[in-house]
file protein08.cif (mmCIF, C-alpha atoms; chains and numbers go by the auth columns)
data_input
loop_
_atom_site.group_PDB
_atom_site.id
_atom_site.type_symbol
_atom_site.label_atom_id
_atom_site.label_comp_id
_atom_site.label_asym_id
_atom_site.label_seq_id
_atom_site.Cartn_x
_atom_site.Cartn_y
_atom_site.Cartn_z
_atom_site.B_iso_or_equiv
_atom_site.auth_seq_id
_atom_site.auth_asym_id
ATOM 1 C CA MET A 1 -137.729 61.340 174.856 0.00 1 H
ATOM 2 C CA ARG A 2 -136.458 58.884 172.253 0.00 2 H
ATOM 3 C CA LEU A 3 -133.060 58.399 173.920 0.00 3 H
ATOM 4 C CA LEU A 4 -133.970 55.488 176.204 0.00 4 H
ATOM 5 C CA PRO A 5 -135.497 53.305 173.459 0.00 5 H
ATOM 6 C CA ALA A 6 -132.465 54.014 171.281 0.00 6 H
ATOM 7 C CA LEU A 7 -130.104 52.969 174.061 0.00 7 H
ATOM 8 C CA ALA A 8 -132.138 49.839 174.680 0.00 8 H
ATOM 9 C CA LEU A 9 -131.931 48.942 170.992 0.00 9 H
ATOM 10 C CA LEU A 10 -128.163 49.483 171.049 0.00 10 H
ATOM 11 C CA ALA A 11 -127.784 47.202 174.086 0.00 11 H
ATOM 12 C CA PHE A 12 -129.897 44.529 172.411 0.00 12 H
ATOM 13 C CA THR A 13 -127.879 44.756 169.209 0.00 13 H
ATOM 14 C CA ALA A 14 -124.589 44.458 171.121 0.00 14 H
ATOM 15 C CA THR A 15 -125.877 41.355 172.934 0.00 15 H
ATOM 16 C CA ALA A 16 -127.219 39.790 169.757 0.00 16 H
ATOM 17 C CA HIS A 17 -123.869 40.177 168.038 0.00 17 H
ATOM 18 C CA ALA A 18 -121.703 39.149 171.009 0.00 18 H
ATOM 19 C CA ALA A 19 -118.984 36.673 170.114 0.00 19 H
ATOM 20 C CA PRO A 20 -120.003 33.072 170.865 0.00 20 H
ATOM 21 C CA ILE A 21 -118.464 31.147 173.736 0.00 21 H
ATOM 22 C CA ARG A 22 -115.627 28.997 172.355 0.00 22 H
ATOM 23 C CA ILE A 23 -116.084 25.535 173.879 0.00 23 H
ATOM 24 C CA CYS A 24 -113.690 22.631 173.434 0.00 24 H
ATOM 25 C CA ALA A 25 -115.329 19.199 173.272 0.00 25 H
ATOM 26 C CA GLU A 26 -113.654 15.797 173.552 0.00 26 H
ATOM 27 C CA ASN A 27 -113.431 13.998 170.208 0.00 27 H
ATOM 28 C CA ASP A 28 -113.606 10.305 171.201 0.00 28 H
ATOM 29 C CA TRP A 29 -116.220 9.760 173.925 0.00 29 H
ATOM 30 C CA ALA A 30 -119.271 8.583 172.014 0.00 30 H
ATOM 31 C CA PRO A 31 -122.166 9.081 172.389 0.00 31 H
ATOM 32 C CA PHE A 32 -121.536 12.040 174.715 0.00 32 H
ATOM 33 C CA SER A 33 -118.810 14.021 172.971 0.00 33 H
ATOM 34 C CA PHE A 34 -117.066 12.938 169.781 0.00 34 H
ATOM 35 C CA SER A 35 -116.052 14.097 166.341 0.00 35 H
ATOM 36 C CA GLN A 36 -118.149 13.422 163.241 0.00 36 H
ATOM 37 C CA LYS A 37 -116.882 14.757 159.924 0.00 37 H
ATOM 38 C CA GLY A 38 -114.672 17.124 161.892 0.00 38 H
ATOM 39 C CA LEU A 39 -117.552 18.546 163.929 0.00 39 H
ATOM 40 C CA ALA A 40 -118.166 18.210 167.672 0.00 40 H
ATOM 41 C CA VAL A 41 -121.329 16.165 168.247 0.00 41 H
ATOM 42 C CA GLY A 42 -122.970 14.104 170.958 0.00 42 H
ATOM 43 C CA ALA A 43 -125.265 14.344 173.960 0.00 43 H
ATOM 44 C CA SER A 44 -122.951 16.612 175.980 0.00 44 H
ATOM 45 C CA VAL A 45 -122.602 19.017 173.062 0.00 45 H
ATOM 46 C CA ASP A 46 -126.369 19.184 172.493 0.00 46 H
ATOM 47 C CA LEU A 47 -127.145 19.568 176.208 0.00 47 H
ATOM 48 C CA VAL A 48 -124.784 22.495 176.663 0.00 48 H
ATOM 49 C CA ARG A 49 -125.743 24.162 173.380 0.00 49 H
ATOM 50 C CA ALA A 50 -129.450 23.936 174.258 0.00 50 H
ATOM 51 C CA ALA A 51 -128.954 25.294 177.789 0.00 51 H
ATOM 52 C CA PHE A 52 -127.082 28.330 176.503 0.00 52 H
ATOM 53 C CA LYS A 53 -129.583 28.896 173.715 0.00 53 H
ATOM 54 C CA LYS A 54 -132.343 29.189 176.303 0.00 54 H
ATOM 55 C CA ALA A 55 -130.290 31.841 178.073 0.00 55 H
ATOM 56 C CA GLY A 56 -129.732 33.703 174.793 0.00 56 H
ATOM 57 C CA VAL A 57 -126.027 32.885 174.582 0.00 57 H
ATOM 58 C CA GLU A 58 -124.365 31.744 171.347 0.00 58 H
ATOM 59 C CA THR A 59 -121.876 28.869 171.383 0.00 59 H
ATOM 60 C CA SER A 60 -119.129 27.588 169.125 0.00 60 H
ATOM 61 C CA PHE A 61 -117.780 24.041 169.625 0.00 61 H
ATOM 62 C CA ILE A 62 -114.303 22.862 168.678 0.00 62 H
ATOM 63 C CA SER A 63 -113.429 19.170 168.693 0.00 63 H
ATOM 64 C CA GLY A 64 -110.148 17.882 170.143 0.00 64 H
ATOM 65 C CA SER A 65 -108.654 15.302 172.469 0.00 65 H
ATOM 66 C CA TYR A 66 -109.520 15.736 176.143 0.00 66 H
ATOM 67 C CA ASN A 67 -105.937 16.607 177.048 0.00 67 H
ATOM 68 C CA ARG A 68 -105.721 19.163 174.240 0.00 68 H
ATOM 69 C CA CYS A 69 -108.982 20.742 175.374 0.00 69 H
ATOM 70 C CA LEU A 70 -107.686 20.853 178.939 0.00 70 H
ATOM 71 C CA ARG A 71 -104.343 22.381 178.006 0.00 71 H
ATOM 72 C CA LEU A 72 -105.725 25.016 175.629 0.00 72 H
ATOM 73 C CA THR A 73 -108.664 26.013 177.808 0.00 73 H
ATOM 74 C CA LEU A 74 -106.369 26.576 180.782 0.00 74 H
ATOM 75 C CA ALA A 75 -104.066 28.550 178.466 0.00 75 H
ATOM 76 C CA GLY A 76 -106.968 30.794 177.457 0.00 76 H
ATOM 77 C CA GLN A 77 -107.376 29.705 173.836 0.00 77 H
ATOM 78 C CA TYR A 78 -110.886 28.426 174.575 0.00 78 H
ATOM 79 C CA ASP A 79 -113.460 29.864 176.961 0.00 79 H
ATOM 80 C CA ALA A 80 -114.658 26.551 178.325 0.00 80 H
ATOM 81 C CA MET A 81 -114.511 22.785 177.930 0.00 81 H
ATOM 82 C CA LEU A 82 -116.983 19.940 178.358 0.00 82 H
ATOM 83 C CA ASP A 83 -117.218 16.919 180.634 0.00 83 H
ATOM 84 C CA VAL A 84 -114.945 18.003 183.473 0.00 84 H
ATOM 85 C CA GLY A 85 -115.142 16.398 186.907 0.00 85 H
ATOM 86 C CA LYS A 86 -114.410 18.218 190.162 0.00 86 H
ATOM 87 C CA ASN A 87 -111.581 16.960 192.351 0.00 87 H
ATOM 88 C CA ARG A 88 -108.775 18.537 194.365 0.00 88 H
ATOM 89 C CA GLU A 89 -106.738 19.226 191.226 0.00 89 H
ATOM 90 C CA ARG A 90 -109.448 20.568 188.923 0.00 90 H
ATOM 91 C CA THR A 91 -111.670 22.560 191.292 0.00 91 H
ATOM 92 C CA PRO A 92 -109.323 25.561 191.679 0.00 92 H
ATOM 93 C CA GLN A 93 -108.417 25.611 187.984 0.00 93 H
ATOM 94 C CA PHE A 94 -111.811 26.637 186.584 0.00 94 H
ATOM 95 C CA VAL A 95 -114.956 28.676 187.158 0.00 95 H
ATOM 96 C CA TRP A 96 -117.897 26.307 187.635 0.00 96 H
ATOM 97 C CA PRO A 97 -121.669 26.519 187.229 0.00 97 H
ATOM 98 C CA GLN A 98 -123.777 25.270 190.119 0.00 98 H
ATOM 99 C CA HIS A 99 -125.262 22.409 188.150 0.00 99 H
ATOM 100 C CA PRO A 100 -123.634 19.471 186.338 0.00 100 H
ATOM 101 C CA TYR A 101 -125.369 18.189 183.215 0.00 101 H
ATOM 102 C CA LEU A 102 -124.181 14.593 183.609 0.00 102 H
ATOM 103 C CA VAL A 103 -123.956 12.374 186.664 0.00 103 H
ATOM 104 C CA MET A 104 -122.093 9.217 185.702 0.00 104 H
ATOM 105 C CA LYS A 105 -122.575 5.933 187.557 0.00 105 H
ATOM 106 C CA LEU A 106 -119.041 4.733 188.165 0.00 106 H
ATOM 107 C CA HIS A 107 -118.452 0.985 188.185 0.00 107 H
ATOM 108 C CA LEU A 108 -115.391 -0.860 189.414 0.00 108 H
ATOM 109 C CA ILE A 109 -114.151 -3.082 186.585 0.00 109 H
ATOM 110 C CA ALA A 110 -111.806 -5.913 187.547 0.00 110 H
ATOM 111 C CA ASN A 111 -109.691 -8.614 185.983 0.00 111 H
ATOM 112 C CA SER A 112 -111.608 -11.884 186.071 0.00 112 H
ATOM 113 C CA LYS A 113 -108.933 -13.614 188.185 0.00 113 H
ATOM 114 C CA LEU A 114 -109.916 -11.511 191.205 0.00 114 H
ATOM 115 C CA ALA A 115 -112.718 -12.592 193.512 0.00 115 H
ATOM 116 C CA ALA A 116 -115.338 -9.916 194.177 0.00 116 H
ATOM 117 C CA PRO A 117 -115.726 -8.915 197.851 0.00 117 H
ATOM 118 C CA ALA A 118 -119.014 -9.245 199.709 0.00 118 H
ATOM 119 C CA GLU A 119 -119.131 -5.452 200.017 0.00 119 H
ATOM 120 C CA LEU A 120 -117.777 -3.093 197.386 0.00 120 H
ATOM 121 C CA TYR A 121 -115.517 -0.308 198.693 0.00 121 H
ATOM 122 C CA TYR A 122 -112.388 1.558 197.590 0.00 122 H
ATOM 123 C CA GLY A 123 -110.208 -0.323 200.063 0.00 123 H
ATOM 124 C CA VAL A 124 -109.990 -3.227 197.581 0.00 124 H
ATOM 125 C CA LEU A 125 -107.668 -1.020 195.498 0.00 125 H
ATOM 126 C CA THR A 126 -104.974 -0.904 198.181 0.00 126 H
ATOM 127 C CA GLY A 127 -101.695 -2.120 196.713 0.00 127 H
ATOM 128 C CA LYS A 128 -103.307 -2.868 193.333 0.00 128 H
ATOM 129 C CA ARG A 129 -102.520 -1.642 189.821 0.00 129 H
ATOM 130 C CA VAL A 130 -105.324 0.665 188.705 0.00 130 H
ATOM 131 C CA GLY A 131 -105.704 1.906 185.149 0.00 131 H
ATOM 132 C CA LEU A 132 -106.195 5.647 184.644 0.00 132 H
ATOM 133 C CA THR A 133 -106.729 7.586 181.447 0.00 133 H
ATOM 134 C CA ALA A 134 -104.205 10.432 181.190 0.00 134 H
ATOM 135 C CA GLY A 135 -105.790 13.792 181.986 0.00 135 H
ATOM 136 C CA TYR A 136 -109.124 12.415 183.214 0.00 136 H
ATOM 137 C CA GLU A 137 -110.458 13.268 186.670 0.00 137 H
ATOM 138 C CA TYR A 138 -110.984 10.547 189.279 0.00 138 H
ATOM 139 C CA PRO A 139 -112.586 10.698 192.746 0.00 139 H
ATOM 140 C CA ASP A 140 -110.221 11.882 195.464 0.00 140 H
ATOM 141 C CA LYS A 141 -111.351 8.975 197.640 0.00 141 H
ATOM 142 C CA MET A 142 -110.151 6.527 195.007 0.00 142 H
ATOM 143 C CA LEU A 143 -106.808 8.249 194.419 0.00 143 H
ATOM 144 C CA SER A 144 -106.065 8.440 198.149 0.00 144 H
ATOM 145 C CA GLN A 145 -106.125 4.674 198.733 0.00 145 H
ATOM 146 C CA PRO A 146 -102.821 3.600 200.334 0.00 146 H
ATOM 147 C CA GLY A 147 -100.422 1.782 198.026 0.00 147 H
ATOM 148 C CA LEU A 148 -102.584 2.329 194.932 0.00 148 H
ATOM 149 C CA LEU A 149 -100.396 1.903 191.838 0.00 149 H
ATOM 150 C CA LYS A 150 -101.440 4.232 189.028 0.00 150 H
ATOM 151 C CA VAL A 151 -100.963 2.905 185.494 0.00 151 H
ATOM 152 C CA GLU A 152 -101.798 5.524 182.857 0.00 152 H
ATOM 153 C CA SER A 153 -103.087 4.796 179.366 0.00 153 H
ATOM 154 C CA SER A 154 -104.064 7.060 176.495 0.00 154 H
ATOM 155 C CA SER A 155 -107.724 6.009 176.487 0.00 155 H
ATOM 156 C CA GLU A 156 -110.404 4.044 178.334 0.00 156 H
ATOM 157 C CA LEU A 157 -110.284 1.407 175.584 0.00 157 H
ATOM 158 C CA ALA A 158 -106.550 1.005 176.141 0.00 158 H
ATOM 159 C CA ASN A 159 -107.245 0.587 179.861 0.00 159 H
ATOM 160 C CA LEU A 160 -109.772 -2.158 179.165 0.00 160 H
ATOM 161 C CA ARG A 161 -107.241 -4.016 177.041 0.00 161 H
ATOM 162 C CA GLN A 162 -104.620 -3.623 179.777 0.00 162 H
ATOM 163 C CA LEU A 163 -107.151 -5.053 182.219 0.00 163 H
ATOM 164 C CA SER A 164 -107.967 -7.981 179.971 0.00 164 H
ATOM 165 C CA ALA A 165 -104.254 -8.752 179.534 0.00 165 H
ATOM 166 C CA GLY A 166 -103.718 -8.742 183.308 0.00 166 H
ATOM 167 C CA ASN A 167 -101.387 -5.726 183.256 0.00 167 H
ATOM 168 C CA ILE A 168 -103.703 -3.939 185.707 0.00 168 H
ATOM 169 C CA GLU A 169 -106.184 -5.293 188.249 0.00 169 H
ATOM 170 C CA PHE A 170 -108.819 -2.546 188.220 0.00 170 H
ATOM 171 C CA MET A 171 -110.214 0.473 186.444 0.00 171 H
ATOM 172 C CA LEU A 172 -113.134 2.829 187.071 0.00 172 H
ATOM 173 C CA LEU A 173 -115.630 3.285 184.250 0.00 173 H
ATOM 174 C CA SER A 174 -119.210 4.413 183.818 0.00 174 H
ATOM 175 C CA ALA A 175 -121.744 1.720 183.022 0.00 175 H
ATOM 176 C CA GLY A 176 -122.662 3.341 179.711 0.00 176 H
ATOM 177 C CA THR A 177 -119.061 3.718 178.571 0.00 177 H
ATOM 178 C CA LEU A 178 -118.335 0.094 179.460 0.00 178 H
ATOM 179 C CA ALA A 179 -121.257 -1.017 177.309 0.00 179 H
ATOM 180 C CA THR A 180 -120.089 1.145 174.384 0.00 180 H
ATOM 181 C CA LEU A 181 -116.417 0.125 174.535 0.00 181 H
ATOM 182 C CA SER A 182 -117.157 -3.559 175.065 0.00 182 H
ATOM 183 C CA LYS A 183 -118.417 -3.664 171.478 0.00 183 H
ATOM 184 C CA GLN A 184 -114.829 -2.985 170.358 0.00 184 H
ATOM 185 C CA LEU A 185 -113.390 -5.942 172.265 0.00 185 H
ATOM 186 C CA ASP A 186 -113.364 -9.533 171.040 0.00 186 H
ATOM 187 C CA LYS A 187 -114.721 -12.469 173.015 0.00 187 H
ATOM 188 C CA ALA A 188 -111.277 -13.508 174.223 0.00 188 H
ATOM 189 C CA GLU A 189 -110.726 -10.050 175.724 0.00 189 H
ATOM 190 C CA LEU A 190 -114.187 -9.796 177.250 0.00 190 H
ATOM 191 C CA LYS A 191 -113.906 -13.072 179.170 0.00 191 H
ATOM 192 C CA HIS A 192 -111.121 -11.572 181.324 0.00 192 H
ATOM 193 C CA ILE A 193 -113.179 -8.542 182.366 0.00 193 H
ATOM 194 C CA ARG A 194 -115.706 -8.399 185.212 0.00 194 H
ATOM 195 C CA ASP A 195 -118.017 -5.557 186.196 0.00 195 H
ATOM 196 C CA TRP A 196 -118.194 -5.565 190.004 0.00 196 H
ATOM 197 C CA GLY A 197 -120.964 -2.968 190.033 0.00 197 H
ATOM 198 C CA GLN A 198 -121.403 0.664 190.995 0.00 198 H
ATOM 199 C CA ILE A 199 -118.943 1.976 193.552 0.00 199 H
ATOM 200 C CA ASP A 200 -119.403 5.746 193.136 0.00 200 H
ATOM 201 C CA GLN A 201 -120.749 8.472 190.895 0.00 201 H
ATOM 202 C CA SER A 202 -119.169 11.442 189.182 0.00 202 H
ATOM 203 C CA ALA A 203 -120.777 14.756 188.230 0.00 203 H
ATOM 204 C CA LEU A 204 -119.531 16.304 184.987 0.00 204 H
ATOM 205 C CA TYR A 205 -119.683 20.026 184.229 0.00 205 H
ATOM 206 C CA ILE A 206 -118.898 22.604 181.630 0.00 206 H
ATOM 207 C CA ALA A 207 -115.810 24.288 183.124 0.00 207 H
ATOM 208 C CA PHE A 208 -114.906 27.895 182.293 0.00 208 H
ATOM 209 C CA ASN A 209 -111.465 29.404 181.886 0.00 209 H
ATOM 210 C CA PRO A 210 -111.105 31.771 184.868 0.00 210 H
ATOM 211 C CA LYS A 211 -109.166 34.243 182.707 0.00 211 H
ATOM 212 C CA ALA A 212 -112.274 34.891 180.594 0.00 212 H
ATOM 213 C CA ALA A 213 -113.905 38.165 181.657 0.00 213 H
ATOM 214 C CA LYS A 214 -117.422 36.709 181.369 0.00 214 H
ATOM 215 C CA ALA A 215 -116.685 33.324 182.961 0.00 215 H
ATOM 216 C CA GLN A 216 -118.939 33.822 185.988 0.00 216 H
ATOM 217 C CA GLN A 217 -121.664 35.394 183.852 0.00 217 H
ATOM 218 C CA TRP A 218 -121.587 32.434 181.474 0.00 218 H
ATOM 219 C CA ALA A 219 -121.739 29.994 184.380 0.00 219 H
ATOM 220 C CA SER A 220 -124.887 31.717 185.658 0.00 220 H
ATOM 221 C CA SER A 221 -126.408 31.743 182.162 0.00 221 H
ATOM 222 C CA PHE A 222 -125.783 28.023 181.815 0.00 222 H
ATOM 223 C CA ASP A 223 -127.458 27.308 185.164 0.00 223 H
ATOM 224 C CA GLN A 224 -130.466 29.359 184.121 0.00 224 H
ATOM 225 C CA GLY A 225 -130.887 27.518 180.823 0.00 225 H
ATOM 226 C CA TRP A 226 -130.152 24.116 182.313 0.00 226 H
ATOM 227 C CA GLN A 227 -132.800 24.435 185.017 0.00 227 H
ATOM 228 C CA ASP A 228 -135.377 25.423 182.404 0.00 228 H
ATOM 229 C CA MET A 229 -134.452 22.387 180.281 0.00 229 H
ATOM 230 C CA GLN A 230 -134.826 20.023 183.219 0.00 230 H
ATOM 231 C CA LYS A 231 -138.231 21.397 184.171 0.00 231 H
ATOM 232 C CA LYS A 232 -139.467 20.646 180.655 0.00 232 H
ATOM 233 C CA GLY A 233 -137.728 17.273 180.345 0.00 233 H
ATOM 234 C CA GLU A 234 -135.712 18.462 177.371 0.00 234 H
ATOM 235 C CA ASP A 235 -132.483 17.005 178.761 0.00 235 H
ATOM 236 C CA GLN A 236 -134.029 13.534 178.718 0.00 236 H
ATOM 237 C CA GLN A 237 -135.056 13.983 175.099 0.00 237 H
ATOM 238 C CA ILE A 238 -131.425 14.621 174.196 0.00 238 H
ATOM 239 C CA PHE A 239 -130.222 11.561 176.149 0.00 239 H
ATOM 240 C CA THR A 240 -132.821 9.460 174.327 0.00 240 H
ATOM 241 C CA HIS A 241 -131.878 10.872 170.915 0.00 241 H
ATOM 242 C CA TRP A 242 -128.248 9.832 171.395 0.00 242 H
ATOM 243 C CA SER A 243 -129.021 6.590 173.291 0.00 243 H
ATOM 244 C CA ALA A 244 -126.742 8.053 175.939 0.00 244 H
ATOM 245 C CA MET A 245 -126.710 6.224 179.275 0.00 245 H
ATOM 246 C CA PRO A 246 -124.782 8.038 182.033 0.00 246 H
#

call {"tool": "encode", "arguments": {"input": "protein08.cif", "output": "C-alpha cells"}}
result
Amino acid sequence: MRLLPALALLAFTATAHAAPIRICAENDWAPFSFSQKGLAVGASVDLVRAAFKKAGVETSFISGSYNRCLRLTLAGQYDAMLDVGKNRERTPQFVWPQHPYLVMKLHLIANSKLAAPAELYYGVLTGKRVGLTAGYEYPDKMLSQPGLLKVESSSELANLRQLSAGNIEFMLLSAGTLATLSKQLDKAELKHIRDWGQIDQSALYIAFNPKAAKAQQWASSFDQGWQDMQKKGEDQQIFTHWSAMP
C-alpha cells in the first residue's frame, strides 16, 4: 500500500535534482543580454529564467559572443541559446517554442545623404550596400532583394560607424538598440545617420539544440511558464526593470 507514495516521492526527487538547462546568452547586447562581472544578465536572461522557474525547470546561463553561442549550441555543448530569430537558415536548425519573448521593431537606418522615399519598403535596398552583423538573423524578405550587397561587420556598433562613414547605405536595427548604441557615437558620427522609421518586426526566441533529448519538452515548459508570466504582467515588470525597449 505504501509503494505508490514512495514511487511518487522518487519521481519528485529525480525532477527536483534534474540537471539545469545550459543556456548560452549573448554578452554584448545591453540591456537584453550582456555580461556583467562575467555573468549573463539582462532582460532576455531574466525573462527566460522566470518562465522556466514557473514551469519548475532549473536554468544555467553562460555568457559568450552570439556567434560562439550559435556554434556551440549547434554542436551540442549547450542546450539552448537566447535571442534567435526565425528565417530560412535558422528555422530547421533548432527546436522552437510556440511563443517568442521579444518582438523587436525593426527600423531602416540610412546614411544621411540618401533621400527618404514617400513610402518605406524593402525595394529601396535594391543595388545598395547593406550592413549586416555576422551571425545575426535578418528577414528573408530583406535578404531576397535583388542586387542587395551584403557588407558584414562584427557588431551593430561597427555597422553604425560604417554607415556614418558612408561605407554602407543602410542597416536594419531595432529602435531600442539604435537608442542605446547612439550614446556611443560622437556628434560628428550621428549627423550622418538617419532613422527612416519602422519597416518590419522580428520575433526572438529561445532556440533549443535538436540533439538534446528533452528539447521539445523544454520548449513546451517554456511556453507554459511564458503564458503565465504574460497573464500576470510579469514580463512587463522585467522590461521596466531593465529599461528595455524592444

call {"tool": "residues_around", "arguments": {"input": "protein08.cif", "residues": "Trp29 (chain H)", "least_positions_apart": "6", "cutoff": "9 Å", "atoms": "only C-alpha atoms", "output": "list of chain:residue names"}}
result
H:Ser35, H:Gly42, H:Thr177

call {"tool": "resolve_selection", "arguments": {"input": "protein08.cif", "expression": "the PyMOL selection byres ((chain H and resi 206-213) around 9)", "output": "compact mmCIF listing (two decimals) with C-alpha atoms, in the frame of the given file"}}
result
# COMPACT_ATOMS: atom_id res chain seq x y z
CA ILE H 23 -116.08 25.54 173.88
CA VAL H 48 -124.78 22.50 176.66
CA THR H 73 -108.66 26.01 177.81
CA LEU H 74 -106.37 26.58 180.78
CA ALA H 75 -104.07 28.55 178.47
CA GLY H 76 -106.97 30.79 177.46
CA TYR H 78 -110.89 28.43 174.58
CA ASP H 79 -113.46 29.86 176.96
CA ALA H 80 -114.66 26.55 178.32
CA MET H 81 -114.51 22.78 177.93
CA LEU H 82 -116.98 19.94 178.36
CA ASP H 83 -117.22 16.92 180.63
CA VAL H 84 -114.94 18.00 183.47
CA GLY H 85 -115.14 16.40 186.91
CA GLN H 93 -108.42 25.61 187.98
CA PHE H 94 -111.81 26.64 186.58
CA VAL H 95 -114.96 28.68 187.16
CA TRP H 96 -117.90 26.31 187.64
CA PRO H 97 -121.67 26.52 187.23
CA PRO H 100 -123.63 19.47 186.34
CA TYR H 101 -125.37 18.19 183.22
CA LEU H 204 -119.53 16.30 184.99
CA TYR H 205 -119.68 20.03 184.23
CA LYS H 214 -117.42 36.71 181.37
CA ALA H 215 -116.68 33.32 182.96
CA GLN H 216 -118.94 33.82 185.99
CA GLN H 217 -121.66 35.39 183.85
CA TRP H 218 -121.59 32.43 181.47
CA ALA H 219 -121.74 29.99 184.38
CA PHE H 222 -125.78 28.02 181.82

call {"tool": "resolve_selection", "arguments": {"input": "protein08.cif", "expression": "the PyMOL selection byres ((chain H and resi 175) around 8)", "output": "list of chain:residue names"}}
result
H:Met104, H:Lys105, H:Leu106, H:His107, H:Leu173, H:Ser174, H:Gly176, H:Thr177, H:Leu178, H:Ala179, H:Met245, H:Pro246

call {"tool": "closest_residue", "arguments": {"input": "protein08.cif", "among": "H:Asp200, H:Glu26, H:Glu189, H:Asp140", "to": "Arg161 (chain H)", "atoms": "all atoms listed in the file"}}
result
H:Glu189

call {"tool": "closest_residue", "arguments": {"input": "protein08.cif", "among": "H:Ala30, H:Ala118, H:Met171, H:Ala18", "to": "Gly56 (chain H)", "atoms": "all atoms listed in the file"}}
result
H:Ala18

call {"tool": "atom_distance", "arguments": {"input": "protein08.cif", "atom1": "CA of Lys187 (chain H)", "atom2": "CA of Val151 (chain H)"}}
result
24.1 Å

call {"tool": "residues_near_point", "arguments": {"input": "protein08.cif", "point": "(-117.9, -11.3, 179.5)", "cutoff": "12 Å", "atoms": "all atoms listed in the file", "output": "PyMOL selection string"}}
result
chain H and resi 109-112+164+178-179+182-183+185-196

call {"tool": "residues_around", "arguments": {"input": "protein08.cif", "residues": "Lys231 (chain H)", "least_positions_apart": "6", "cutoff": "12 Å", "atoms": "all atoms listed in the file", "output": "tab-separated table (two decimals) with C-alpha atoms, in the frame of the given file"}}
result
chain	number	residue	atom	x	y	z
H	51	ALA	CA	-128.95	25.29	177.79
H	224	GLN	CA	-130.47	29.36	184.12
H	225	GLY	CA	-130.89	27.52	180.82

call {"tool": "residues_around", "arguments": {"input": "protein08.cif", "residues": "Leu132 (chain H)", "least_positions_apart": "6", "cutoff": "10 Å", "atoms": "all atoms listed in the file", "output": "ChimeraX atom specification"}}
result
/H:138,149-156,158-159,168,170-173

call {"tool": "resolve_selection", "arguments": {"input": "protein08.cif", "expression": "the PyMOL selection byres ((chain H and resi 121) around 12)", "output": "PyMOL selection string"}}
result
chain H and resi 107-108+116-120+122-126+141-142+145+196-200

call {"tool": "residues_around", "arguments": {"input": "protein08.cif", "residues": "Val41 (chain H)", "least_positions_apart": "6", "cutoff": "12 Å", "atoms": "only C-alpha atoms", "output": "JSON, numbers by chain"}}
result
{"H": [24, 25, 26, 27, 28, 29, 30, 31, 32, 33, 34, 35, 47, 48, 49, 60, 61, 62, 63, 64, 82, 238, 242]}

call {"tool": "atom_distance", "arguments": {"input": "protein08.cif", "atom1": "CA of Tyr66 (chain H)", "atom2": "CA of Gly135 (chain H)"}}
result
7.2 Å

call {"tool": "atom_distance", "arguments": {"input": "protein08.cif", "atom1": "CA of Val57 (chain H)", "atom2": "CA of Ser243 (chain H)"}}
result
26.5 Å
